[in-house]
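J.: Next comes the structure file upload30.txt, holding compact mmCIF, N, CA and C atoms.
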```txt
# COMPACT_ATOMS: atom_id res chain seq x y z
N MET A 16 -181.51 -94.53 129.31
CA MET A 16 -182.47 -94.27 130.37
C MET A 16 -182.04 -95.05 131.60
N GLY A 17 -182.24 -94.45 132.75
CA GLY A 17 -181.82 -95.11 133.96
C GLY A 17 -182.63 -94.67 135.15
N LEU A 18 -182.10 -94.95 136.30
CA LEU A 18 -182.76 -94.72 137.56
C LEU A 18 -181.84 -93.93 138.48
N VAL A 19 -182.39 -92.94 139.15
CA VAL A 19 -181.62 -92.13 140.10
C VAL A 19 -182.35 -92.17 141.44
N LEU A 20 -181.61 -92.42 142.51
CA LEU A 20 -182.15 -92.34 143.87
C LEU A 20 -181.54 -91.11 144.51
N PHE A 21 -182.40 -90.28 145.10
CA PHE A 21 -181.92 -89.02 145.64
C PHE A 21 -182.80 -88.56 146.80
N PRO A 22 -182.25 -87.71 147.67
CA PRO A 22 -183.03 -87.18 148.78
C PRO A 22 -184.08 -86.20 148.28
N GLY A 23 -185.25 -86.23 148.88
CA GLY A 23 -186.33 -85.33 148.52
C GLY A 23 -186.21 -83.99 149.22
N ASP A 24 -185.03 -83.38 149.12
CA ASP A 24 -184.78 -82.12 149.82
C ASP A 24 -184.82 -80.91 148.90
N ASP A 25 -185.15 -81.11 147.63
CA ASP A 25 -185.22 -80.03 146.65
C ASP A 25 -183.89 -79.30 146.46
N ASP A 26 -182.79 -79.94 146.85
CA ASP A 26 -181.45 -79.37 146.68
C ASP A 26 -180.76 -80.13 145.56
N THR A 27 -180.60 -79.49 144.41
CA THR A 27 -180.01 -80.18 143.26
C THR A 27 -178.54 -80.51 143.45
N SER A 28 -177.92 -79.98 144.49
CA SER A 28 -176.52 -80.31 144.75
C SER A 28 -176.36 -81.48 145.71
N SER A 29 -177.47 -82.02 146.21
CA SER A 29 -177.41 -83.18 147.12
C SER A 29 -176.86 -84.38 146.36
N PRO A 30 -176.16 -85.26 147.08
CA PRO A 30 -175.65 -86.47 146.43
C PRO A 30 -176.79 -87.37 145.98
N ASP A 31 -176.50 -88.17 144.96
CA ASP A 31 -177.46 -89.16 144.49
C ASP A 31 -176.69 -90.39 144.04
N VAL A 32 -177.41 -91.41 143.66
CA VAL A 32 -176.79 -92.62 143.12
C VAL A 32 -177.65 -93.04 141.94
N SER A 33 -176.99 -93.48 140.86
CA SER A 33 -177.75 -93.81 139.67
C SER A 33 -177.24 -95.11 139.04
N TRP A 34 -178.16 -95.75 138.34
CA TRP A 34 -177.89 -96.99 137.64
C TRP A 34 -178.67 -97.00 136.34
N SER A 35 -178.26 -97.86 135.43
CA SER A 35 -179.16 -98.28 134.36
C SER A 35 -180.15 -99.23 135.02
N TYR A 36 -181.26 -99.50 134.38
CA TYR A 36 -182.21 -100.44 134.99
C TYR A 36 -181.59 -101.82 135.15
N THR A 37 -180.78 -102.22 134.19
CA THR A 37 -180.08 -103.51 134.28
C THR A 37 -179.10 -103.49 135.44
N GLY A 38 -178.38 -102.39 135.59
CA GLY A 38 -177.42 -102.27 136.69
C GLY A 38 -178.10 -102.28 138.05
N PHE A 39 -179.27 -101.63 138.14
CA PHE A 39 -180.01 -101.62 139.41
C PHE A 39 -180.50 -103.02 139.75
N ALA A 40 -180.97 -103.75 138.75
CA ALA A 40 -181.41 -105.13 138.99
C ALA A 40 -180.24 -105.98 139.49
N ALA A 41 -179.08 -105.82 138.88
CA ALA A 41 -177.90 -106.58 139.31
C ALA A 41 -177.49 -106.18 140.72
N PHE A 42 -177.57 -104.90 141.04
CA PHE A 42 -177.23 -104.42 142.39
C PHE A 42 -178.15 -105.05 143.43
N ARG A 43 -179.45 -105.06 143.15
CA ARG A 43 -180.39 -105.65 144.11
C ARG A 43 -180.20 -107.16 144.23
N ARG A 44 -179.88 -107.84 143.13
CA ARG A 44 -179.59 -109.28 143.22
C ARG A 44 -178.37 -109.51 144.11
N TRP A 45 -177.37 -108.66 143.98
CA TRP A 45 -176.16 -108.77 144.80
C TRP A 45 -176.50 -108.57 146.28
N LEU A 46 -177.32 -107.55 146.59
CA LEU A 46 -177.72 -107.33 147.98
C LEU A 46 -178.51 -108.51 148.53
N ALA A 47 -179.43 -109.04 147.74
CA ALA A 47 -180.21 -110.19 148.18
C ALA A 47 -179.29 -111.38 148.47
N GLN A 48 -178.32 -111.59 147.60
CA GLN A 48 -177.37 -112.67 147.80
C GLN A 48 -176.60 -112.46 149.11
N ALA A 49 -176.22 -111.22 149.39
CA ALA A 49 -175.53 -110.92 150.66
C ALA A 49 -176.42 -111.21 151.85
N GLU A 50 -177.73 -111.14 151.65
CA GLU A 50 -178.69 -111.43 152.71
C GLU A 50 -179.08 -112.91 152.76
N GLY A 51 -178.54 -113.70 151.86
CA GLY A 51 -178.74 -115.14 151.92
C GLY A 51 -179.93 -115.68 151.15
N PHE A 52 -180.45 -114.92 150.20
CA PHE A 52 -181.53 -115.44 149.37
C PHE A 52 -181.36 -114.95 147.94
N THR A 53 -182.10 -115.58 147.05
CA THR A 53 -182.06 -115.23 145.64
C THR A 53 -183.26 -114.36 145.32
N LEU A 54 -183.01 -113.17 144.83
CA LEU A 54 -184.09 -112.24 144.52
C LEU A 54 -185.04 -112.82 143.48
N ASP A 55 -184.51 -113.57 142.53
CA ASP A 55 -185.34 -114.16 141.49
C ASP A 55 -186.33 -115.20 142.04
N GLY A 56 -186.14 -115.63 143.27
CA GLY A 56 -187.04 -116.61 143.87
C GLY A 56 -188.19 -115.98 144.64
N VAL A 57 -188.23 -114.65 144.69
CA VAL A 57 -189.23 -113.94 145.49
C VAL A 57 -190.35 -113.40 144.59
N HIS A 58 -191.54 -113.37 145.15
CA HIS A 58 -192.70 -112.85 144.44
C HIS A 58 -192.41 -111.44 143.91
N GLY A 59 -192.76 -111.21 142.68
CA GLY A 59 -192.50 -109.93 142.04
C GLY A 59 -191.22 -109.91 141.23
N PHE A 60 -190.40 -110.93 141.42
CA PHE A 60 -189.15 -111.04 140.68
C PHE A 60 -189.05 -112.39 139.96
N GLY A 61 -190.20 -113.02 139.77
CA GLY A 61 -190.25 -114.29 139.05
C GLY A 61 -190.42 -115.51 139.92
N GLY A 62 -190.32 -115.35 141.23
CA GLY A 62 -190.43 -116.49 142.12
C GLY A 62 -191.76 -116.53 142.87
N GLN A 63 -191.89 -117.51 143.73
CA GLN A 63 -193.13 -117.70 144.47
C GLN A 63 -193.00 -117.37 145.96
N ARG A 64 -191.78 -117.17 146.44
CA ARG A 64 -191.58 -116.89 147.87
C ARG A 64 -192.18 -115.53 148.21
N PRO A 65 -193.11 -115.50 149.19
CA PRO A 65 -193.69 -114.21 149.58
C PRO A 65 -192.69 -113.36 150.37
N TRP A 66 -192.83 -112.04 150.25
CA TRP A 66 -191.91 -111.14 150.94
C TRP A 66 -192.02 -111.24 152.45
N ASP A 67 -193.16 -111.67 152.97
CA ASP A 67 -193.26 -111.80 154.43
C ASP A 67 -192.50 -113.03 154.94
N HIS A 68 -191.89 -113.80 154.04
CA HIS A 68 -191.01 -114.90 154.42
C HIS A 68 -189.54 -114.55 154.19
N VAL A 69 -189.28 -113.30 153.88
CA VAL A 69 -187.91 -112.82 153.68
C VAL A 69 -187.59 -111.91 154.86
N PHE A 70 -186.56 -112.28 155.59
CA PHE A 70 -186.24 -111.56 156.82
C PHE A 70 -184.94 -110.78 156.65
N THR A 71 -185.09 -109.54 156.21
CA THR A 71 -183.97 -108.63 156.06
C THR A 71 -184.48 -107.21 156.24
N THR A 72 -183.69 -106.38 156.86
CA THR A 72 -184.07 -104.97 156.99
C THR A 72 -183.97 -104.25 155.65
N LEU A 73 -183.39 -104.90 154.65
CA LEU A 73 -183.30 -104.30 153.31
C LEU A 73 -184.56 -104.50 152.49
N ALA A 74 -185.54 -105.23 153.02
CA ALA A 74 -186.75 -105.55 152.26
C ALA A 74 -187.45 -104.33 151.65
N PRO A 75 -187.61 -103.21 152.37
CA PRO A 75 -188.28 -102.07 151.73
C PRO A 75 -187.55 -101.56 150.49
N PHE A 76 -186.25 -101.71 150.46
CA PHE A 76 -185.46 -101.31 149.30
C PHE A 76 -185.51 -102.37 148.21
N LEU A 77 -185.34 -103.62 148.60
CA LEU A 77 -185.30 -104.70 147.62
C LEU A 77 -186.65 -104.93 146.96
N ASN A 78 -187.72 -104.72 147.70
CA ASN A 78 -189.07 -104.98 147.19
C ASN A 78 -189.74 -103.69 146.71
N HIS A 79 -188.97 -102.76 146.26
CA HIS A 79 -189.50 -101.48 145.78
C HIS A 79 -189.51 -101.47 144.26
N PRO A 80 -190.57 -100.99 143.63
CA PRO A 80 -190.54 -100.87 142.17
C PRO A 80 -189.37 -100.00 141.73
N ASP A 81 -188.87 -100.28 140.55
CA ASP A 81 -187.69 -99.55 140.07
C ASP A 81 -187.85 -98.04 140.12
N ASP A 82 -188.92 -97.53 139.56
CA ASP A 82 -189.06 -96.07 139.51
C ASP A 82 -190.50 -95.63 139.71
N ASP A 83 -191.22 -96.38 140.47
CA ASP A 83 -192.61 -96.05 140.74
C ASP A 83 -192.89 -96.49 142.18
N GLY A 84 -194.03 -96.15 142.65
CA GLY A 84 -194.38 -96.58 144.00
C GLY A 84 -194.05 -95.53 145.02
N PRO A 85 -194.31 -95.84 146.26
CA PRO A 85 -194.06 -94.85 147.31
C PRO A 85 -192.57 -94.63 147.52
N ASP A 86 -192.25 -93.41 147.92
CA ASP A 86 -190.87 -93.12 148.29
C ASP A 86 -190.54 -93.83 149.59
N LEU A 87 -189.27 -94.00 149.88
CA LEU A 87 -188.89 -94.57 151.17
C LEU A 87 -188.79 -93.43 152.19
N THR A 88 -189.42 -93.64 153.32
CA THR A 88 -189.45 -92.62 154.36
C THR A 88 -188.11 -92.53 155.08
N PRO A 89 -187.88 -91.45 155.82
CA PRO A 89 -186.66 -91.37 156.61
C PRO A 89 -186.55 -92.54 157.60
N ALA A 90 -187.67 -92.98 158.16
CA ALA A 90 -187.64 -94.13 159.09
C ALA A 90 -187.20 -95.40 158.36
N GLN A 91 -187.69 -95.60 157.15
CA GLN A 91 -187.26 -96.77 156.38
C GLN A 91 -185.79 -96.66 156.02
N CYS A 92 -185.34 -95.46 155.68
CA CYS A 92 -183.92 -95.25 155.39
C CYS A 92 -183.07 -95.60 156.61
N ALA A 93 -183.53 -95.20 157.79
CA ALA A 93 -182.81 -95.49 159.04
C ALA A 93 -182.79 -96.98 159.33
N GLU A 94 -183.82 -97.69 158.91
CA GLU A 94 -183.87 -99.14 159.11
C GLU A 94 -182.90 -99.85 158.16
N ILE A 95 -182.80 -99.37 156.94
CA ILE A 95 -181.97 -99.98 155.91
C ILE A 95 -180.48 -99.69 156.12
N LEU A 96 -180.16 -98.49 156.56
CA LEU A 96 -178.78 -98.01 156.60
C LEU A 96 -177.80 -98.92 157.36
N PRO A 97 -178.08 -99.36 158.59
CA PRO A 97 -177.06 -100.15 159.29
C PRO A 97 -176.67 -101.44 158.56
N ARG A 98 -177.65 -102.15 158.00
CA ARG A 98 -177.32 -103.39 157.30
C ARG A 98 -176.56 -103.11 156.01
N LEU A 99 -176.95 -102.07 155.30
CA LEU A 99 -176.23 -101.72 154.08
C LEU A 99 -174.78 -101.35 154.42
N GLN A 100 -174.59 -100.62 155.50
CA GLN A 100 -173.23 -100.26 155.93
C GLN A 100 -172.42 -101.50 156.28
N GLU A 101 -173.05 -102.48 156.94
CA GLU A 101 -172.36 -103.74 157.26
C GLU A 101 -171.91 -104.45 155.99
N ILE A 102 -172.77 -104.48 154.99
CA ILE A 102 -172.42 -105.14 153.74
C ILE A 102 -171.24 -104.42 153.08
N VAL A 103 -171.27 -103.09 153.07
CA VAL A 103 -170.19 -102.30 152.49
C VAL A 103 -168.87 -102.56 153.23
N ASP A 104 -168.95 -102.72 154.54
CA ASP A 104 -167.75 -102.89 155.36
C ASP A 104 -167.18 -104.30 155.35
N GLN A 105 -167.89 -105.27 154.75
CA GLN A 105 -167.39 -106.64 154.72
C GLN A 105 -166.15 -106.72 153.84
N PRO A 106 -165.15 -107.47 154.31
CA PRO A 106 -163.96 -107.65 153.48
C PRO A 106 -164.32 -108.34 152.16
N GLN A 107 -163.74 -107.89 151.08
CA GLN A 107 -164.02 -108.47 149.77
C GLN A 107 -162.97 -109.49 149.35
N GLY A 108 -162.10 -109.85 150.29
CA GLY A 108 -161.11 -110.89 150.03
C GLY A 108 -160.12 -110.54 148.94
N GLY A 109 -159.84 -109.25 148.78
CA GLY A 109 -158.87 -108.84 147.77
C GLY A 109 -159.36 -109.02 146.34
N SER A 110 -160.66 -109.17 146.19
CA SER A 110 -161.23 -109.38 144.86
C SER A 110 -160.98 -108.18 143.96
N THR A 111 -160.64 -108.46 142.72
CA THR A 111 -160.48 -107.42 141.73
C THR A 111 -161.60 -107.46 140.70
N ASP A 112 -162.65 -108.19 141.01
CA ASP A 112 -163.81 -108.29 140.12
C ASP A 112 -164.42 -106.91 139.95
N PRO A 113 -164.44 -106.37 138.72
CA PRO A 113 -164.95 -105.02 138.52
C PRO A 113 -166.44 -104.87 138.85
N LEU A 114 -167.23 -105.92 138.63
CA LEU A 114 -168.66 -105.84 138.95
C LEU A 114 -168.86 -105.78 140.46
N LEU A 115 -168.12 -106.59 141.20
CA LEU A 115 -168.21 -106.55 142.66
C LEU A 115 -167.79 -105.17 143.16
N GLN A 116 -166.71 -104.63 142.62
CA GLN A 116 -166.25 -103.30 143.05
C GLN A 116 -167.29 -102.24 142.73
N ARG A 117 -167.96 -102.37 141.60
CA ARG A 117 -169.02 -101.41 141.24
C ARG A 117 -170.17 -101.48 142.24
N HIS A 118 -170.57 -102.71 142.61
CA HIS A 118 -171.64 -102.86 143.59
C HIS A 118 -171.26 -102.24 144.94
N VAL A 119 -170.05 -102.48 145.37
CA VAL A 119 -169.59 -101.91 146.65
C VAL A 119 -169.56 -100.38 146.56
N ASP A 120 -169.06 -99.85 145.46
CA ASP A 120 -169.03 -98.39 145.28
C ASP A 120 -170.44 -97.81 145.27
N ASP A 121 -171.36 -98.48 144.56
CA ASP A 121 -172.75 -98.02 144.52
C ASP A 121 -173.37 -98.06 145.91
N ALA A 122 -173.08 -99.11 146.66
CA ALA A 122 -173.61 -99.23 148.02
C ALA A 122 -173.07 -98.11 148.90
N ARG A 123 -171.81 -97.76 148.73
CA ARG A 123 -171.23 -96.65 149.50
C ARG A 123 -171.94 -95.34 149.16
N GLN A 124 -172.21 -95.12 147.89
CA GLN A 124 -172.93 -93.91 147.49
C GLN A 124 -174.34 -93.91 148.08
N LEU A 125 -174.98 -95.06 148.06
CA LEU A 125 -176.33 -95.16 148.62
C LEU A 125 -176.31 -94.89 150.12
N VAL A 126 -175.28 -95.33 150.82
CA VAL A 126 -175.14 -95.04 152.25
C VAL A 126 -175.14 -93.54 152.48
N VAL A 127 -174.39 -92.80 151.68
CA VAL A 127 -174.32 -91.34 151.81
C VAL A 127 -175.70 -90.72 151.60
N VAL A 128 -176.40 -91.18 150.58
CA VAL A 128 -177.74 -90.65 150.27
C VAL A 128 -178.71 -90.97 151.41
N LEU A 129 -178.68 -92.20 151.91
CA LEU A 129 -179.56 -92.57 153.03
C LEU A 129 -179.26 -91.73 154.27
N GLN A 130 -177.99 -91.52 154.56
CA GLN A 130 -177.62 -90.70 155.71
C GLN A 130 -178.18 -89.29 155.59
N LEU A 131 -178.11 -88.73 154.40
CA LEU A 131 -178.64 -87.39 154.18
C LEU A 131 -180.16 -87.36 154.34
N CYS A 132 -180.83 -88.38 153.84
CA CYS A 132 -182.30 -88.46 154.01
C CYS A 132 -182.67 -88.48 155.49
N ILE A 133 -181.91 -89.22 156.26
CA ILE A 133 -182.17 -89.32 157.71
C ILE A 133 -181.88 -87.98 158.38
N GLU A 134 -180.71 -87.39 158.08
CA GLU A 134 -180.32 -86.12 158.71
C GLU A 134 -181.30 -84.99 158.39
N LYS A 135 -181.77 -84.93 157.14
CA LYS A 135 -182.68 -83.86 156.72
C LYS A 135 -184.14 -84.22 156.91
N ASP A 136 -184.40 -85.46 157.35
CA ASP A 136 -185.77 -85.95 157.54
C ASP A 136 -186.60 -85.80 156.27
N VAL A 137 -186.03 -86.33 155.17
CA VAL A 137 -186.72 -86.30 153.88
C VAL A 137 -186.76 -87.71 153.30
N ASP A 138 -187.69 -87.93 152.39
CA ASP A 138 -187.84 -89.22 151.75
C ASP A 138 -186.71 -89.49 150.76
N LEU A 139 -186.46 -90.78 150.51
CA LEU A 139 -185.59 -91.21 149.42
C LEU A 139 -186.48 -91.36 148.20
N LEU A 140 -186.16 -90.61 147.15
CA LEU A 140 -186.97 -90.62 145.94
C LEU A 140 -186.34 -91.50 144.87
N PHE A 141 -187.20 -92.18 144.14
CA PHE A 141 -186.79 -93.02 143.01
C PHE A 141 -187.25 -92.29 141.75
N GLY A 142 -186.33 -91.93 140.89
CA GLY A 142 -186.73 -91.22 139.68
C GLY A 142 -185.90 -91.57 138.48
```
Take the structure from the file and write it as structure tokens.

T.:
Amino acid sequence: MGLVLFPGDDDTSSPDVSWSYTGFAAFRRWLAQAEGFTLDGVHGFGGQRPWDHVFTTLAPFLNHPDDDGPDLTPAQCAEILPRLQEIVDQPQGGSTDPLLQRHVDDARQLVVVLQLCIEKDVDLLFG
């Protein structure tokens, strides 16, 4: 069982990105680390730090339930996309770490899905 993020365009051929729940948790921890904080320290992930004290445009994505809750709107996708693209574009220092490469690849796929949500003006669905 896993999680799939996809555009709400009713087109089954649209790109998507998927993870196991464990993989999605690791992906979000990696993104939080790139933003300079530990996801496990934030409310809802075992910590006490409130989300209104976390300053990142990725917050709507990072603070989203795994497969429940409201979809992300095209406006939220547009807010998230530039920072996610910056993270993808950062040099990885020639790292051959397979987990790091997986996170970067997943982020690239998510960029494509977010771009499509923005272009088609549809929500990003978590399923």

J.: Report the distance between CA of Val137 in chain A and CA of Asp31 in chain A in Å, rounded to one decimal place.

T.: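 We find that CA of Val137 in chain A and CA of Asp31 in chain A lie 13.5 Å from each other.
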
J.: Find the residues with any atom within 6 Å of (-187.5, -91.0, 137.9); use all atoms listed in the file and the coordinates as given in the file, and write the answer as a list in words.

T.: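 Those residues lying close to the given coordinates are Val19, Asp82, Phe141 and Gly142 of chain A.
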
J.: Quick one, how far is atom N of Arg117 in chain A from CA of Leu20 in chain A?

T.: 17.5 Å

J.: Kindly give the distance, in Å, that separates atom N of Leu140 in chain A and atom C of Pro22 in chain A, rounded to a single decimal.

T.: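 Atom-to-atom, atom N of Leu140 in chain A and atom C of Pro22 in chain A are spaced 5.0 Å apart.
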
J.: What lies within 6 Å of Leu73 in chain A using all atoms listed in the file, ignoring chain neighbours under 4 positions off, as a list in words?

T.: Leu77, Asn78 and Ile95 of chain A

J.: Can you list, as a count of residues only, every protein, DNA or RNA residue that comes within 8 Å of Trp45 in chain A when you count all atoms listed in the file, leaving out same-chain residues fewer than 6 positions away?

T.: 4

J.: Can you list, as a compact mmCIF listing (two decimals) with N, CA and C atoms, in the frame of the given file, every residue of chain A that DSSP puts in helix (DSSP H, G or I)?

T.:
```txt
# COMPACT_ATOMS: atom_id res chain seq x y z
N TYR A 36 -181.26 -99.50 134.38
CA TYR A 36 -182.21 -100.44 134.99
C TYR A 36 -181.59 -101.82 135.15
N THR A 37 -180.78 -102.22 134.19
CA THR A 37 -180.08 -103.51 134.28
C THR A 37 -179.10 -103.49 135.44
N GLY A 38 -178.38 -102.39 135.59
CA GLY A 38 -177.42 -102.27 136.69
C GLY A 38 -178.10 -102.28 138.05
N PHE A 39 -179.27 -101.63 138.14
CA PHE A 39 -180.01 -101.62 139.41
C PHE A 39 -180.50 -103.02 139.75
N ALA A 40 -180.97 -103.75 138.75
CA ALA A 40 -181.41 -105.13 138.99
C ALA A 40 -180.24 -105.98 139.49
N ALA A 41 -179.08 -105.82 138.88
CA ALA A 41 -177.90 -106.58 139.31
C ALA A 41 -177.49 -106.18 140.72
N PHE A 42 -177.57 -104.90 141.04
CA PHE A 42 -177.23 -104.42 142.39
C PHE A 42 -178.15 -105.05 143.43
N ARG A 43 -179.45 -105.06 143.15
CA ARG A 43 -180.39 -105.65 144.11
C ARG A 43 -180.20 -107.16 144.23
N ARG A 44 -179.88 -107.84 143.13
CA ARG A 44 -179.59 -109.28 143.22
C ARG A 44 -178.37 -109.51 144.11
N TRP A 45 -177.37 -108.66 143.98
CA TRP A 45 -176.16 -108.77 144.80
C TRP A 45 -176.50 -108.57 146.28
N LEU A 46 -177.32 -107.55 146.59
CA LEU A 46 -177.72 -107.33 147.98
C LEU A 46 -178.51 -108.51 148.53
N ALA A 47 -179.43 -109.04 147.74
CA ALA A 47 -180.21 -110.19 148.18
C ALA A 47 -179.29 -111.38 148.47
N GLN A 48 -178.32 -111.59 147.60
CA GLN A 48 -177.37 -112.67 147.80
C GLN A 48 -176.60 -112.46 149.11
N ALA A 49 -176.22 -111.22 149.39
CA ALA A 49 -175.53 -110.92 150.66
C ALA A 49 -176.42 -111.21 151.85
N LEU A 54 -183.01 -113.17 144.83
CA LEU A 54 -184.09 -112.24 144.52
C LEU A 54 -185.04 -112.82 143.48
N ASP A 55 -184.51 -113.57 142.53
CA ASP A 55 -185.34 -114.16 141.49
C ASP A 55 -186.33 -115.20 142.04
N GLY A 56 -186.14 -115.63 143.27
CA GLY A 56 -187.04 -116.61 143.87
C GLY A 56 -188.19 -115.98 144.64
N TRP A 66 -192.83 -112.04 150.25
CA TRP A 66 -191.91 -111.14 150.94
C TRP A 66 -192.02 -111.24 152.45
N ASP A 67 -193.16 -111.67 152.97
CA ASP A 67 -193.26 -111.80 154.43
C ASP A 67 -192.50 -113.03 154.94
N HIS A 68 -191.89 -113.80 154.04
CA HIS A 68 -191.01 -114.90 154.42
C HIS A 68 -189.54 -114.55 154.19
N ALA A 74 -185.54 -105.23 153.02
CA ALA A 74 -186.75 -105.55 152.26
C ALA A 74 -187.45 -104.33 151.65
N PRO A 75 -187.61 -103.21 152.37
CA PRO A 75 -188.28 -102.07 151.73
C PRO A 75 -187.55 -101.56 150.49
N PHE A 76 -186.25 -101.71 150.46
CA PHE A 76 -185.46 -101.31 149.30
C PHE A 76 -185.51 -102.37 148.21
N LEU A 77 -185.34 -103.62 148.60
CA LEU A 77 -185.30 -104.70 147.62
C LEU A 77 -186.65 -104.93 146.96
N PRO A 89 -187.88 -91.45 155.82
CA PRO A 89 -186.66 -91.37 156.61
C PRO A 89 -186.55 -92.54 157.60
N ALA A 90 -187.67 -92.98 158.16
CA ALA A 90 -187.64 -94.13 159.09
C ALA A 90 -187.20 -95.40 158.36
N GLN A 91 -187.69 -95.60 157.15
CA GLN A 91 -187.26 -96.77 156.38
C GLN A 91 -185.79 -96.66 156.02
N CYS A 92 -185.34 -95.46 155.68
CA CYS A 92 -183.92 -95.25 155.39
C CYS A 92 -183.07 -95.60 156.61
N ALA A 93 -183.53 -95.20 157.79
CA ALA A 93 -182.81 -95.49 159.04
C ALA A 93 -182.79 -96.98 159.33
N GLU A 94 -183.82 -97.69 158.91
CA GLU A 94 -183.87 -99.14 159.11
C GLU A 94 -182.90 -99.85 158.16
N ILE A 95 -182.80 -99.37 156.94
CA ILE A 95 -181.97 -99.98 155.91
C ILE A 95 -180.48 -99.69 156.12
N LEU A 96 -180.16 -98.49 156.56
CA LEU A 96 -178.78 -98.01 156.60
C LEU A 96 -177.80 -98.92 157.36
N PRO A 97 -178.08 -99.36 158.59
CA PRO A 97 -177.06 -100.15 159.29
C PRO A 97 -176.67 -101.44 158.56
N ARG A 98 -177.65 -102.15 158.00
CA ARG A 98 -177.32 -103.39 157.30
C ARG A 98 -176.56 -103.11 156.01
N LEU A 99 -176.95 -102.07 155.30
CA LEU A 99 -176.23 -101.72 154.08
C LEU A 99 -174.78 -101.35 154.42
N GLN A 100 -174.59 -100.62 155.50
CA GLN A 100 -173.23 -100.26 155.93
C GLN A 100 -172.42 -101.50 156.28
N GLU A 101 -173.05 -102.48 156.94
CA GLU A 101 -172.36 -103.74 157.26
C GLU A 101 -171.91 -104.45 155.99
N ILE A 102 -172.77 -104.48 154.99
CA ILE A 102 -172.42 -105.14 153.74
C ILE A 102 -171.24 -104.42 153.08
N VAL A 103 -171.27 -103.09 153.07
CA VAL A 103 -170.19 -102.30 152.49
C VAL A 103 -168.87 -102.56 153.23
N ASP A 104 -168.95 -102.72 154.54
CA ASP A 104 -167.75 -102.89 155.36
C ASP A 104 -167.18 -104.30 155.35
N PRO A 113 -164.44 -106.37 138.72
CA PRO A 113 -164.95 -105.02 138.52
C PRO A 113 -166.44 -104.87 138.85
N LEU A 114 -167.23 -105.92 138.63
CA LEU A 114 -168.66 -105.84 138.95
C LEU A 114 -168.86 -105.78 140.46
N LEU A 115 -168.12 -106.59 141.20
CA LEU A 115 -168.21 -106.55 142.66
C LEU A 115 -167.79 -105.17 143.16
N GLN A 116 -166.71 -104.63 142.62
CA GLN A 116 -166.25 -103.30 143.05
C GLN A 116 -167.29 -102.24 142.73
N ARG A 117 -167.96 -102.37 141.60
CA ARG A 117 -169.02 -101.41 141.24
C ARG A 117 -170.17 -101.48 142.24
N HIS A 118 -170.57 -102.71 142.61
CA HIS A 118 -171.64 -102.86 143.59
C HIS A 118 -171.26 -102.24 144.94
N VAL A 119 -170.05 -102.48 145.37
CA VAL A 119 -169.59 -101.91 146.65
C VAL A 119 -169.56 -100.38 146.56
N ASP A 120 -169.06 -99.85 145.46
CA ASP A 120 -169.03 -98.39 145.28
C ASP A 120 -170.44 -97.81 145.27
N ASP A 121 -171.36 -98.48 144.56
CA ASP A 121 -172.75 -98.02 144.52
C ASP A 121 -173.37 -98.06 145.91
N ALA A 122 -173.08 -99.11 146.66
CA ALA A 122 -173.61 -99.23 148.02
C ALA A 122 -173.07 -98.11 148.90
N ARG A 123 -171.81 -97.76 148.73
CA ARG A 123 -171.23 -96.65 149.50
C ARG A 123 -171.94 -95.34 149.16
N GLN A 124 -172.21 -95.12 147.89
CA GLN A 124 -172.93 -93.91 147.49
C GLN A 124 -174.34 -93.91 148.08
N LEU A 125 -174.98 -95.06 148.06
CA LEU A 125 -176.33 -95.16 148.62
C LEU A 125 -176.31 -94.89 150.12
N VAL A 126 -175.28 -95.33 150.82
CA VAL A 126 -175.14 -95.04 152.25
C VAL A 126 -175.14 -93.54 152.48
N VAL A 127 -174.39 -92.80 151.68
CA VAL A 127 -174.32 -91.34 151.81
C VAL A 127 -175.70 -90.72 151.60
N VAL A 128 -176.40 -91.18 150.58
CA VAL A 128 -177.74 -90.65 150.27
C VAL A 128 -178.71 -90.97 151.41
N LEU A 129 -178.68 -92.20 151.91
CA LEU A 129 -179.56 -92.57 153.03
C LEU A 129 -179.26 -91.73 154.27
N GLN A 130 -177.99 -91.52 154.56
CA GLN A 130 -177.62 -90.70 155.71
C GLN A 130 -178.18 -89.29 155.59
N LEU A 131 -178.11 -88.73 154.40
CA LEU A 131 -178.64 -87.39 154.18
C LEU A 131 -180.16 -87.36 154.34
N CYS A 132 -180.83 -88.38 153.84
CA CYS A 132 -182.30 -88.46 154.01
C CYS A 132 -182.67 -88.48 155.49
N ILE A 133 -181.91 -89.22 156.26
CA ILE A 133 -182.17 -89.32 157.71
C ILE A 133 -181.88 -87.98 158.38
N GLU A 134 -180.71 -87.39 158.08
CA GLU A 134 -180.32 -86.12 158.71
C GLU A 134 -181.30 -84.99 158.39
N LYS A 135 -181.77 -84.93 157.14
CA LYS A 135 -182.68 -83.86 156.72
C LYS A 135 -184.14 -84.22 156.91
```

J.: If you run DSSP on this backbone, which residues of range 17-133 of chain A come out as strand (DSSP E), and could you give them as a PyMOL selection string?

T.: chain A and resi 17-22+32-35
